[in-house]
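Pasted below: structure_7.cif, mmCIF, C-alpha atoms.
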```
data_query
#
loop_
_atom_site.label_atom_id
_atom_site.label_comp_id
_atom_site.auth_asym_id
_atom_site.auth_seq_id
_atom_site.Cartn_x
_atom_site.Cartn_y
_atom_site.Cartn_z
CA MET A 1 -2.21 -26.46 16.84
CA LYS A 2 -3.56 -29.82 17.90
CA LYS A 3 -0.68 -30.31 20.34
CA LEU A 4 -1.42 -26.93 21.90
CA ASP A 5 -5.13 -27.64 21.97
CA ARG A 6 -4.50 -30.81 23.96
CA LEU A 7 -2.94 -28.83 26.83
CA ASP A 8 -5.04 -28.16 29.88
CA TRP A 9 -6.21 -24.53 29.54
CA ALA A 10 -7.36 -22.95 32.79
CA GLU A 11 -8.75 -19.63 31.52
CA ARG A 12 -9.59 -18.12 28.16
CA LEU A 13 -10.89 -14.88 26.78
CA THR A 14 -12.17 -13.77 23.39
CA LEU A 15 -11.85 -10.09 22.68
CA SER A 16 -12.71 -7.68 19.93
CA ALA A 17 -10.74 -4.50 19.29
CA PHE A 18 -11.19 -2.23 16.25
CA GLY A 19 -13.06 -5.04 14.53
CA VAL A 20 -10.30 -7.60 15.08
CA ARG A 21 -11.18 -10.71 17.09
CA ALA A 22 -8.45 -12.40 19.06
CA GLY A 23 -8.33 -15.03 21.75
CA VAL A 24 -6.05 -15.47 24.74
CA ARG A 25 -5.78 -18.68 26.76
CA VAL A 26 -3.57 -19.44 29.71
CA ASN A 27 -2.78 -22.68 31.50
CA VAL A 28 -2.78 -21.16 35.01
CA SER A 29 -5.78 -19.92 36.94
CA GLY A 30 -5.73 -16.30 38.09
CA LEU A 31 -3.41 -15.06 35.35
CA LEU A 32 -6.03 -13.45 33.13
CA PRO A 33 -6.38 -10.31 35.31
CA ARG A 34 -2.70 -9.60 34.57
CA VAL A 35 -3.41 -9.89 30.86
CA LEU A 36 -6.41 -7.52 30.76
CA PRO A 37 -4.46 -4.22 31.14
CA LEU A 38 -2.28 -5.28 28.20
CA LEU A 39 -5.14 -5.56 25.74
CA PRO A 40 -5.73 -2.81 23.14
CA PRO A 41 -7.55 0.21 24.62
CA GLY A 42 -11.29 0.04 23.99
CA TRP A 43 -11.39 -3.76 23.70
CA THR A 44 -14.61 -5.56 24.43
CA LYS A 45 -15.42 -9.16 25.26
CA SER A 46 -16.65 -11.16 22.33
CA HIS A 47 -18.86 -14.23 22.47
CA ARG A 48 -17.78 -15.51 19.10
CA VAL A 49 -15.87 -18.77 19.10
CA ILE A 50 -13.84 -18.20 15.96
CA VAL A 51 -10.95 -15.74 16.28
CA GLU A 52 -8.45 -14.38 13.79
CA ARG A 53 -5.49 -14.93 16.08
CA LEU A 54 -5.21 -17.10 19.14
CA TYR A 55 -2.57 -16.47 21.78
CA SER A 56 -1.60 -19.41 23.98
CA LEU A 57 0.42 -18.61 27.07
CA VAL A 58 2.05 -21.66 28.58
CA VAL A 59 3.32 -20.79 32.04
CA ALA A 60 6.06 -23.07 33.35
CA GLN A 61 4.91 -24.90 36.46
CA GLY A 62 6.58 -27.06 39.04
CA CYS A 63 10.16 -26.95 40.28
CA ALA A 64 13.02 -26.56 37.92
CA ARG A 65 15.68 -29.21 37.90
CA ALA A 66 19.13 -28.15 39.01
CA GLY A 67 20.87 -26.22 36.27
CA MET A 68 17.72 -26.01 34.14
CA ARG A 69 15.58 -22.93 33.63
CA ARG A 70 11.86 -23.35 33.20
CA LEU A 71 10.61 -21.08 30.47
CA HIS A 72 7.21 -19.53 29.89
CA VAL A 73 6.21 -19.65 26.24
CA LEU A 74 3.81 -17.50 24.25
CA TYR A 75 2.41 -18.73 20.96
CA ALA A 76 0.50 -16.71 18.39
CA ASP A 77 -1.55 -19.44 16.70
CA THR A 78 1.15 -22.09 16.34
CA MET A 79 4.12 -19.74 16.12
CA PRO A 80 6.24 -19.21 19.25
CA VAL A 81 6.46 -15.45 19.84
CA ALA A 82 8.33 -15.30 23.12
CA ARG A 83 10.08 -17.74 25.43
CA ASP A 84 11.59 -16.58 28.71
CA ALA A 85 11.97 -17.35 32.39
CA ALA A 86 10.55 -13.91 33.31
CA LEU A 87 6.76 -13.90 32.99
CA ASP A 88 6.64 -10.08 32.80
CA GLN A 89 8.75 -10.16 29.67
CA VAL A 90 6.50 -12.71 28.04
CA LEU A 91 3.43 -10.66 28.96
CA ALA A 92 5.09 -7.56 27.45
CA ALA A 93 5.65 -9.55 24.25
CA LEU A 94 1.96 -10.47 24.24
CA GLU A 95 1.01 -6.79 24.49
CA THR A 96 3.37 -5.76 21.69
CA ASP A 97 2.32 -8.54 19.35
CA LEU A 98 -1.41 -8.11 19.96
CA HIS A 99 -1.29 -4.33 19.42
CA ARG A 100 0.77 -4.76 16.29
CA TYR A 101 -1.53 -7.45 14.94
CA THR A 102 -4.59 -5.30 15.61
CA ALA A 103 -2.97 -2.36 13.78
CA GLU A 104 -2.15 -4.56 10.83
CA ALA A 105 -5.32 -6.61 10.58
CA THR A 106 -8.11 -4.13 11.20
CA SER A 107 -10.02 -2.89 8.20
CA ASP A 108 -12.28 -0.64 10.31
CA MET A 109 -9.50 1.88 10.90
CA THR A 110 -6.14 2.91 9.51
CA PHE A 111 -3.30 2.79 12.01
CA LEU A 112 -0.40 5.18 11.61
CA HIS A 113 2.76 4.90 13.67
CA ALA A 114 2.49 8.23 15.46
CA GLY A 115 2.09 10.01 18.75
CA VAL A 116 -1.13 12.00 19.15
CA VAL A 117 -2.35 14.68 21.53
CA GLY A 118 -5.56 16.69 21.58
CA TRP A 119 -5.40 20.48 21.69
CA GLN A 120 -8.36 22.84 21.45
CA GLY A 121 -10.57 20.28 19.75
CA ARG A 122 -7.99 19.21 17.17
CA ALA A 123 -5.49 16.39 17.06
CA ILE A 124 -1.80 17.13 16.73
CA VAL A 125 -0.11 14.10 15.20
CA PHE A 126 3.60 13.21 15.34
CA PRO A 127 4.26 10.48 12.79
CA GLY A 128 7.63 8.81 13.00
CA ARG A 129 9.57 5.63 13.40
CA SER A 130 10.91 4.28 16.66
CA LEU A 131 13.47 6.42 18.45
CA SER A 132 12.39 9.56 16.59
CA GLY A 133 11.34 11.07 19.92
CA LYS A 134 7.54 10.83 19.60
CA THR A 135 6.90 9.84 23.19
CA THR A 136 9.21 12.53 24.59
CA LEU A 137 7.38 15.17 22.59
CA VAL A 138 3.98 13.80 23.57
CA ARG A 139 4.98 13.86 27.24
CA GLU A 140 6.12 17.47 26.91
CA MET A 141 2.84 18.43 25.21
CA LEU A 142 0.94 16.82 28.09
CA ARG A 143 2.97 18.90 30.53
CA LEU A 144 1.81 22.00 28.65
CA GLY A 145 -1.84 21.02 28.97
CA ALA A 146 -2.59 18.86 25.93
CA THR A 147 -4.85 15.80 26.18
CA TYR A 148 -3.31 12.37 25.72
CA TYR A 149 -4.42 10.26 22.75
CA SER A 150 -1.49 7.93 22.07
CA ASP A 151 2.25 7.62 22.02
CA GLU A 152 2.17 4.83 19.45
CA PHE A 153 -0.76 4.90 17.03
CA ALA A 154 -2.91 7.48 15.30
CA VAL A 155 -6.11 5.54 14.65
CA VAL A 156 -7.99 7.04 11.71
CA ASP A 157 -11.59 6.27 10.79
CA ASP A 158 -13.46 6.62 7.49
CA PHE A 159 -14.23 10.28 8.15
CA GLY A 160 -10.60 11.09 8.80
CA LEU A 161 -11.11 11.50 12.55
CA VAL A 162 -8.35 10.45 14.93
CA HIS A 163 -9.40 8.07 17.72
CA PRO A 164 -7.60 7.59 21.02
CA PHE A 165 -5.30 4.63 21.61
CA ALA A 166 -4.41 5.71 25.10
CA ARG A 167 -2.17 2.94 26.32
CA PRO A 168 0.34 3.93 29.03
CA LEU A 169 3.25 5.94 27.65
CA GLY A 170 6.41 3.89 27.21
CA ILE A 171 9.10 6.35 28.22
CA ARG A 172 12.71 5.43 27.56
CA GLU A 173 14.96 6.48 30.38
CA GLU A 174 17.94 8.65 29.50
CA SER A 175 20.82 6.86 27.77
CA SER A 176 18.90 3.61 27.83
CA TYR A 177 16.59 1.71 25.53
CA ALA A 178 14.59 0.33 28.45
CA GLN A 179 11.05 1.67 28.76
CA THR A 180 9.04 2.54 31.84
CA LYS A 181 5.25 2.77 31.59
CA TYR A 182 3.39 5.84 32.80
CA THR A 183 -0.32 6.54 32.54
CA ALA A 184 -1.34 9.98 31.29
CA GLU A 185 -3.14 10.54 34.57
CA GLY A 186 0.04 9.67 36.45
CA LEU A 187 1.75 12.45 34.48
CA GLY A 188 -1.02 14.87 35.45
CA ALA A 189 -2.78 14.87 32.07
CA ALA A 190 -6.19 13.75 30.89
CA SER A 191 -6.79 11.08 28.27
CA GLY A 192 -8.94 11.92 25.25
CA VAL A 193 -12.14 10.05 24.57
CA LYS A 194 -13.72 11.80 21.58
CA PRO A 195 -12.37 11.32 18.06
CA LEU A 196 -10.86 14.55 16.72
CA PRO A 197 -10.11 16.02 13.30
CA MET A 198 -6.39 16.48 12.69
CA GLY A 199 -5.30 20.09 12.92
CA MET A 200 -1.59 19.67 12.51
CA ALA A 201 0.96 16.98 11.74
CA VAL A 202 4.51 17.50 12.91
CA ILE A 203 7.23 15.50 11.24
CA CYS A 204 10.40 15.83 13.25
CA LYS A 205 13.40 13.97 14.48
CA TYR A 206 15.60 14.61 17.45
CA GLU A 207 19.15 15.83 17.15
CA ALA A 208 21.05 16.98 20.24
CA GLY A 209 21.54 20.73 20.20
CA ALA A 210 19.45 21.31 17.07
CA ARG A 211 17.38 24.48 16.85
CA TRP A 212 13.70 24.02 16.07
CA GLN A 213 13.03 25.87 12.83
CA PRO A 214 10.30 23.91 11.08
CA ALA A 215 9.32 24.41 7.46
CA SER A 216 5.80 23.91 6.20
CA LEU A 217 4.94 21.00 3.94
CA SER A 218 2.24 20.83 1.30
CA GLN A 219 -0.76 18.57 1.89
CA GLY A 220 0.48 16.06 -0.68
CA GLN A 221 3.96 15.91 0.86
CA GLY A 222 2.39 15.61 4.29
CA ALA A 223 0.12 12.81 3.17
CA LEU A 224 3.18 11.02 1.77
CA GLU A 225 4.87 11.30 5.18
CA LEU A 226 1.79 9.75 6.79
CA LEU A 227 1.73 7.01 4.18
CA ALA A 228 5.32 6.18 5.12
CA ASN A 229 4.11 5.44 8.66
CA SER A 230 0.99 3.51 7.76
CA PHE A 231 0.67 -0.08 8.95
CA ALA A 232 -1.55 -1.63 6.35
CA VAL A 233 -0.95 0.41 3.20
CA ARG A 234 0.38 -2.64 1.40
CA SER A 235 -2.59 -4.83 2.25
CA GLN A 236 -5.29 -2.12 2.23
CA PRO A 237 -4.11 0.62 -0.14
CA HIS A 238 -7.59 1.80 -1.15
CA GLN A 239 -8.82 2.38 2.41
CA THR A 240 -5.52 3.88 3.49
CA LEU A 241 -5.49 6.47 0.71
CA ARG A 242 -9.16 7.32 1.22
CA ARG A 243 -8.75 7.80 4.96
CA LEU A 244 -5.55 9.80 4.55
CA HIS A 245 -7.37 12.03 2.09
CA ASN A 246 -10.10 12.72 4.65
CA LEU A 247 -7.57 13.06 7.46
CA VAL A 248 -5.45 15.82 5.93
CA ARG A 249 -8.30 17.98 4.58
CA HIS A 250 -8.08 20.69 7.21
CA SER A 251 -4.58 20.05 8.42
CA VAL A 252 -1.26 21.82 8.18
CA PHE A 253 2.08 20.06 8.12
CA ILE A 254 5.42 21.15 9.49
CA LYS A 255 8.74 19.37 9.34
CA GLY A 256 12.06 19.96 11.04
CA THR A 257 14.78 18.77 13.34
CA ARG A 258 14.26 19.47 17.00
CA GLY A 259 16.59 19.78 19.93
CA GLU A 260 15.09 19.61 23.40
CA ALA A 261 11.41 18.70 23.46
CA HIS A 262 10.22 21.63 25.59
CA GLU A 263 11.29 24.19 22.98
CA ALA A 264 9.58 22.34 20.12
CA ALA A 265 6.45 21.56 22.13
CA ALA A 266 5.87 25.20 23.11
CA SER A 267 6.44 26.33 19.52
CA ILE A 268 4.02 23.71 18.16
CA LEU A 269 1.27 24.77 20.57
CA ASN A 270 1.87 28.44 19.73
CA LEU A 271 1.60 27.65 16.02
CA SER A 272 -1.57 25.69 16.63
CA CYS A 273 -3.09 28.58 18.62
CA ALA A 274 -2.08 31.10 15.95
CA ARG A 275 -3.76 28.98 13.33
CA GLU A 276 -6.94 28.74 15.40
CA ARG A 277 -7.01 32.53 15.77
CA LEU A 278 -6.44 32.98 12.03
CA GLU A 279 -9.31 30.65 11.21
CA ALA A 280 -11.58 32.37 13.70
CA THR A 281 -11.09 35.78 12.08
CA MET B 1 9.73 5.09 -29.67
CA LYS B 2 6.02 5.78 -29.78
CA GLU B 3 5.71 5.65 -26.00
CA ARG B 4 8.18 8.48 -25.64
CA GLN B 5 6.68 10.53 -28.42
CA PHE B 6 3.22 9.90 -27.03
CA PRO B 7 3.71 9.12 -23.34
CA ARG B 8 0.97 7.20 -21.58
CA ALA B 9 0.28 7.26 -17.84
CA ARG B 10 -0.12 3.93 -16.10
CA VAL B 11 -3.70 3.28 -15.18
CA ASP B 12 -3.08 0.49 -12.66
CA CYS B 13 -2.11 2.88 -9.87
CA LEU B 14 -4.29 4.42 -7.18
CA SER B 15 -4.38 8.17 -7.08
CA ARG B 16 -5.90 10.87 -4.89
CA GLU B 17 -5.84 14.62 -5.33
CA PHE B 18 -4.62 16.79 -2.47
CA SER B 19 -5.26 20.42 -3.40
CA ASN B 20 -3.39 20.66 -6.69
CA GLU B 21 -1.02 17.78 -5.95
CA VAL B 22 -1.65 14.12 -6.61
CA LEU B 23 -0.68 11.21 -4.38
CA VAL B 24 -0.14 8.07 -6.43
CA TYR B 25 0.24 4.58 -5.01
CA ASP B 26 1.92 2.01 -7.24
CA LEU B 27 0.24 -1.30 -6.40
CA GLN B 28 2.86 -3.35 -8.22
CA ARG B 29 5.90 -1.84 -6.53
CA ASP B 30 4.31 -0.70 -3.23
CA VAL B 31 5.69 2.77 -3.69
CA GLY B 32 3.91 6.05 -2.95
CA HIS B 33 4.58 9.19 -5.00
CA CYS B 34 3.63 12.81 -4.50
CA LEU B 35 3.36 14.72 -7.76
CA ASN B 36 3.46 18.48 -7.40
CA SER B 37 1.03 20.58 -9.43
CA THR B 38 3.12 20.69 -12.62
CA ALA B 39 4.06 17.00 -12.56
CA ALA B 40 0.45 16.07 -11.78
CA ALA B 41 -0.92 18.20 -14.60
CA ALA B 42 1.59 16.71 -17.06
CA TRP B 43 0.84 13.15 -15.86
CA LYS B 44 -2.88 13.62 -16.40
CA LEU B 45 -2.21 14.68 -19.99
CA CYS B 46 -0.18 11.55 -20.79
CA ASP B 47 -2.98 9.84 -22.70
CA GLY B 48 -0.84 8.04 -25.28
CA ASN B 49 -2.05 10.39 -28.03
CA SER B 50 -0.31 13.63 -27.11
CA SER B 51 3.31 14.43 -27.82
CA PRO B 52 5.41 16.52 -25.39
CA PRO B 53 4.93 19.72 -27.47
CA GLN B 54 1.17 19.10 -27.49
CA ILE B 55 1.20 18.51 -23.73
CA ALA B 56 3.13 21.76 -23.28
CA ARG B 57 0.53 23.63 -25.35
CA THR B 58 -2.38 22.11 -23.41
CA LEU B 59 -0.67 22.89 -20.11
CA SER B 60 -0.12 26.47 -21.25
CA ARG B 61 -3.83 26.79 -21.97
CA GLN B 62 -4.82 25.18 -18.65
CA LEU B 63 -2.47 27.30 -16.57
CA SER B 64 -2.91 30.46 -18.65
CA THR B 65 0.82 30.89 -18.87
CA ARG B 66 3.50 29.75 -21.27
CA VAL B 67 4.87 26.32 -20.39
CA ASP B 68 8.12 25.44 -22.10
CA GLU B 69 8.43 22.00 -23.66
CA ALA B 70 11.54 21.47 -21.53
CA VAL B 71 9.33 21.62 -18.45
CA VAL B 72 7.20 18.83 -19.89
CA LEU B 73 10.29 16.80 -20.79
CA LEU B 74 11.60 17.22 -17.27
CA ALA B 75 8.24 16.09 -15.87
CA LEU B 76 8.17 13.09 -18.21
CA ASP B 77 11.64 12.04 -17.15
CA GLN B 78 10.72 12.21 -13.48
CA LEU B 79 7.48 10.34 -14.11
CA ALA B 80 9.33 7.70 -16.12
CA ALA B 81 11.96 7.34 -13.40
CA ALA B 82 9.14 6.80 -10.91
CA HIS B 83 7.64 4.14 -13.22
CA LEU B 84 4.42 6.10 -13.57
CA LEU B 85 4.44 5.93 -17.37
CA VAL B 86 3.98 2.88 -19.52
CA GLU B 87 7.53 1.67 -20.09
CA PRO B 88 8.86 2.32 -23.61
CA GLU B 89 9.89 -0.76 -25.55
CA VAL B 90 13.11 0.92 -26.59
CA PRO B 91 15.02 2.80 -23.87
CA VAL B 92 14.83 6.52 -24.46
CA GLU B 93 17.54 9.07 -23.97
CA ARG B 94 16.82 11.16 -20.92
CA LEU B 95 17.03 14.88 -20.68
CA SER B 96 19.30 15.61 -17.75
CA ARG B 97 17.92 17.87 -15.08
CA ARG B 98 20.82 20.26 -15.61
CA VAL B 99 20.14 20.53 -19.36
CA ALA B 100 16.44 20.91 -18.73
CA LEU B 101 16.97 23.67 -16.19
CA ARG B 102 19.31 25.47 -18.58
CA ARG B 103 16.68 25.32 -21.29
CA ILE B 104 13.89 26.38 -18.99
CA GLY B 105 15.91 29.27 -17.59
CA ILE B 106 15.61 30.67 -14.13
CA ALA B 107 12.40 32.53 -14.74
CA ALA B 108 10.01 29.66 -15.37
CA ALA B 109 6.41 30.78 -14.97
CA VAL B 110 5.28 27.48 -13.45
CA ALA B 111 6.71 25.43 -10.60
CA LEU B 112 9.30 22.93 -11.78
CA PRO B 113 7.86 19.42 -11.86
CA LEU B 114 8.71 17.37 -8.81
CA VAL B 115 7.96 13.75 -8.00
CA THR B 116 8.75 12.62 -4.45
CA SER B 117 8.65 8.89 -3.73
CA ILE B 118 8.70 6.60 -0.71
CA VAL B 119 8.63 2.83 -0.44
CA ALA B 120 5.54 1.78 1.50
CA PRO B 121 6.52 0.18 4.81
CA THR B 122 5.73 -3.39 5.73
CA PRO B 123 3.84 -3.69 9.03
CA ALA B 124 7.07 -4.70 10.75
CA GLN B 125 8.86 -1.62 9.42
CA ALA B 126 6.01 0.64 10.51
CA ALA B 127 5.92 -0.81 14.02
CA SER B 128 7.94 0.25 17.03
CA CYS B 129 11.19 -1.58 17.48
CA VAL B 130 11.82 -3.77 20.51
CA PRO B 131 13.88 -1.99 23.19
CA PHE B 132 16.85 -3.22 25.19
CA ASN B 133 16.51 -6.48 27.10
CA GLN B 134 13.01 -7.17 25.76
CA LEU B 135 12.12 -10.39 24.01
CA CYS B 136 12.59 -10.74 20.27
CA ALA B 137 12.45 -13.37 17.60
CA ASN B 138 14.97 -11.82 15.20
CA SER B 139 17.36 -8.86 15.03
CA GLY B 140 15.08 -7.01 12.63
CA GLN B 141 12.68 -6.40 15.52
CA CYS B 142 15.28 -4.77 17.77
CA CYS B 143 15.91 -1.04 17.97
CA PRO B 144 19.15 -0.34 16.13
CA PRO B 145 21.96 -0.98 16.91
CA LEU B 146 20.65 -3.77 19.18
CA LEU B 147 20.80 -7.39 18.08
CA CYS B 148 18.57 -10.28 19.02
CA VAL B 149 20.76 -12.58 21.09
CA LEU B 150 19.18 -15.57 22.87
CA ASN B 151 15.72 -14.10 22.27
CA ARG B 152 16.58 -10.73 23.81
CA CYS B 153 17.49 -7.42 22.20
CA ILE B 154 21.00 -6.66 23.41
#
```

Would you give me this structure, written as C-alpha cells?
Amino acid sequence: MKKLDRLDWAERLTLSAFGVRAGVRVNVSGLLPRVLPLLPPGWTKSHRVIVERLYSLVVAQGCARAGMRRLHVLYADTMPVARDAALDQVLAALETDLHRYTAEATSDMTFLHAGVVGWQGRAIVFPGRSLSGKTTLVREMLRLGATYYSDEFAVVDDFGLVHPFARPLGIREESSYAQTKYTAEGLGAASGVKPLPMGMAVICKYEAGARWQPASLSQGQGALELLANSFAVRSQPHQTLRRLHNLVRHSVFIKGTRGEAHEAAASILNLSCARERLEAT
Amino acid sequence: MKERQFPRARVDCLSREFSNEVLVYDLQRDVGHCLNSTAAAAWKLCDGNSSPPQIARTLSRQLSTRVDEAVVLLALDQLAAAHLLVEPEVPVERLSRRVALRRIGIAAAVALPLVTSIVAPTPAQAASCVPFNQLCANSGQCCPPLLCVLNRCI
C-alpha cells in the first residue's frame, strides 16, 4: 500500500453506499466525472477518512515505446483487479468490483442476485444466476408497463422491503456474451424509488422453445431459492434469514422453465393481477 | 445406538419457521435446508429422550391423525442425511425410502417428510459472471464456457 500511496494522486472521492464506505483515487485530473456514473445507485459523498476498501486507478500516461503497450491498472486496496490498455474496460471492472463488494460487505441490507420490477405497489423478484435470463425478462416486464428496480440485485431491508438498485440494464446481444447498457428511461420505463413489499418471486430459467407452465412453490421452498442467491449468507446468516423471513411473508412463489420472454412476462403480470383481485375481494 | 433410539436435533443451527415449514441453516457446513411440515414436526420432537415410536405417537396427537412409525423413520433418515441430527457414535442401518414407502402405504394421512438442501453460495458464486471480452482475474469469474485468457474472458 505504501508504494501506491507514494504515487501522485490527482483526484479522490470517499463514498458511502448501503452503509459501506469506499474510496476511489485516480492519478489523472478530470477522470472522476467518468467514475461517478459507475458508483452504486444511491451513493452519497462521505467526509470520513477511513474507508473499508480503497480503489486506486493508475492511468498510463506518456507515449508508449515501440512494441510496448501502456496499461491502465486498477487496484482494490493492494490487490490488482484489472490491467488493460482500454480505459473503458478498466472502468467497467471498477463498477463490477465495487457493486459486488458493496453487496457482500453491507450489513444494512441483504443483497440477492435477482432482477426486480415494481408492479401495482409490489415487487416481482426474479432470483437467478448469470445467464438465467433475468435481464431479458426484466426488459420485457418494463415493455409491459412495470417499473424498473434492478436487473442485478434485490436489496432487502430489515422490514423485508425491496429497495431499488436501478443501475442501467446490461443487455446481452443475441448470440453474444457482450453487454450493452440501457437506462430504464431509454427503454421507455420509469425507475422505482420507493421500497416495496415482495408480491411474487419467479424462479425460472430459459430454454429455447420451452412452454411456460410454472408450478407454485411453498414459502419455505421459495425462501430456500432466495437463500441460494444471497450474497452474504455465509458471513451474515442471522440477518439474512431474518430478512428473508420478513421478505416472503406476503409473497407467492412460482417456478418453471420459460421459452420466449414475452410469453412468460405477460403470464406473470396476469398472475400478479389475479392475485391482487383475489386479495381485494 | 442411543442416538438412533433417541434421536437428538442439532441445536447449533439457525432456524426460521415459514408457515408450517422450517428453514434451517447449518452454520458449520454452510448448507440451507427446507423441512416440510412433517419433517419439521419430527425434527422438533428429536429431544434425545423420545424414541421413534414415541415421536410417532406425539405426532399423531399433534396432527390429530395416525402417523405411522415408518413415516418418522423416513423423516429421521432424511434429517440424518442432512446432518441435522446429532451424529450417532455407531453408524445405524438406514431404512430405504422404498421400504419406508412400502410400509407407509399409498394412503398416508400426512405428507411424506421431505428435506430439501442447498449449499449456500460464496459471494463470488452469487455474483454475475464476467461476460465476453471483459477483464477478469481468473476463469472462475467468467461466464461459462468462457476462460480467462490474458486477463480477458474469451

Which chain A residues are at most 8 Å from chain B (counting only C-alpha atoms), as a ChimeraX atom specification?
/A:81-84,89-90,93,100,104,112-113,129-131,152,176-179,219-221,223-224,227-234,237-238,241-242,245

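The spacing separating CA of Ile104 (chain B) from CA of Glu69 (chain B) amounts to 8.4 Å.
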
Which residues would end up in the selection if the PyMOL selection byres ((chain B and resi 50) around 12) were applied here, given that I need the answer as a PDB file with C-alpha atoms, in the coordinates of the input?
```pdb
ATOM      1  CA  LYS B   2       6.020   5.780 -29.780  1.00  0.00           C
ATOM      2  CA  GLU B   3       5.710   5.650 -26.000  1.00  0.00           C
ATOM      3  CA  ARG B   4       8.180   8.480 -25.640  1.00  0.00           C
ATOM      4  CA  GLN B   5       6.680  10.530 -28.420  1.00  0.00           C
ATOM      5  CA  PHE B   6       3.220   9.900 -27.030  1.00  0.00           C
ATOM      6  CA  PRO B   7       3.710   9.120 -23.340  1.00  0.00           C
ATOM      7  CA  ARG B   8       0.970   7.200 -21.580  1.00  0.00           C
ATOM      8  CA  ALA B   9       0.280   7.260 -17.840  1.00  0.00           C
ATOM      9  CA  ALA B  42       1.590  16.710 -17.060  1.00  0.00           C
ATOM     10  CA  TRP B  43       0.840  13.150 -15.860  1.00  0.00           C
ATOM     11  CA  LYS B  44      -2.880  13.620 -16.400  1.00  0.00           C
ATOM     12  CA  LEU B  45      -2.210  14.680 -19.990  1.00  0.00           C
ATOM     13  CA  CYS B  46      -0.180  11.550 -20.790  1.00  0.00           C
ATOM     14  CA  ASP B  47      -2.980   9.840 -22.700  1.00  0.00           C
ATOM     15  CA  GLY B  48      -0.840   8.040 -25.280  1.00  0.00           C
ATOM     16  CA  ASN B  49      -2.050  10.390 -28.030  1.00  0.00           C
ATOM     17  CA  SER B  51       3.310  14.430 -27.820  1.00  0.00           C
ATOM     18  CA  PRO B  52       5.410  16.520 -25.390  1.00  0.00           C
ATOM     19  CA  PRO B  53       4.930  19.720 -27.470  1.00  0.00           C
ATOM     20  CA  GLN B  54       1.170  19.100 -27.490  1.00  0.00           C
ATOM     21  CA  ILE B  55       1.200  18.510 -23.730  1.00  0.00           C
ATOM     22  CA  ALA B  56       3.130  21.760 -23.280  1.00  0.00           C
ATOM     23  CA  ARG B  57       0.530  23.630 -25.350  1.00  0.00           C
ATOM     24  CA  THR B  58      -2.380  22.110 -23.410  1.00  0.00           C
ATOM     25  CA  LEU B  59      -0.670  22.890 -20.110  1.00  0.00           C
ATOM     26  CA  VAL B  72       7.200  18.830 -19.890  1.00  0.00           C
TER      27      VAL B  72
END
```

CA of Val156 (chain A) and CA of Val193 (chain A), how far apart in Å?
13.8 Å

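If all atoms listed in the file are the atoms counted, then among A:Ser216, A:Ser29, A:Thr110, A:Thr78 the closest residue to Leu161 (chain A) is A:Thr110.
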
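Nearest-residue note for Val49 (chain A): choosing from A:Gly118, A:Gly62, A:Gly23, A:Gly256, the minimum distance belongs to A:Gly23, counting all atoms listed in the file.
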
Translate the PyMOL selection byres ((chain A and resi 59) around 12), as applied to the file shown, into an explicit residue set as JSON, numbers by chain.
{"A": [7, 8, 9, 10, 25, 26, 27, 28, 29, 30, 31, 32, 56, 57, 58, 60, 61, 62, 70, 71, 72, 73, 74, 75, 82, 83, 84, 85, 86, 87, 88, 90, 91]}

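Atom pair CA of Asp108 (chain A) / CA of Glu95 (chain A) has a distance of 20.4 Å (rounded to one decimal).
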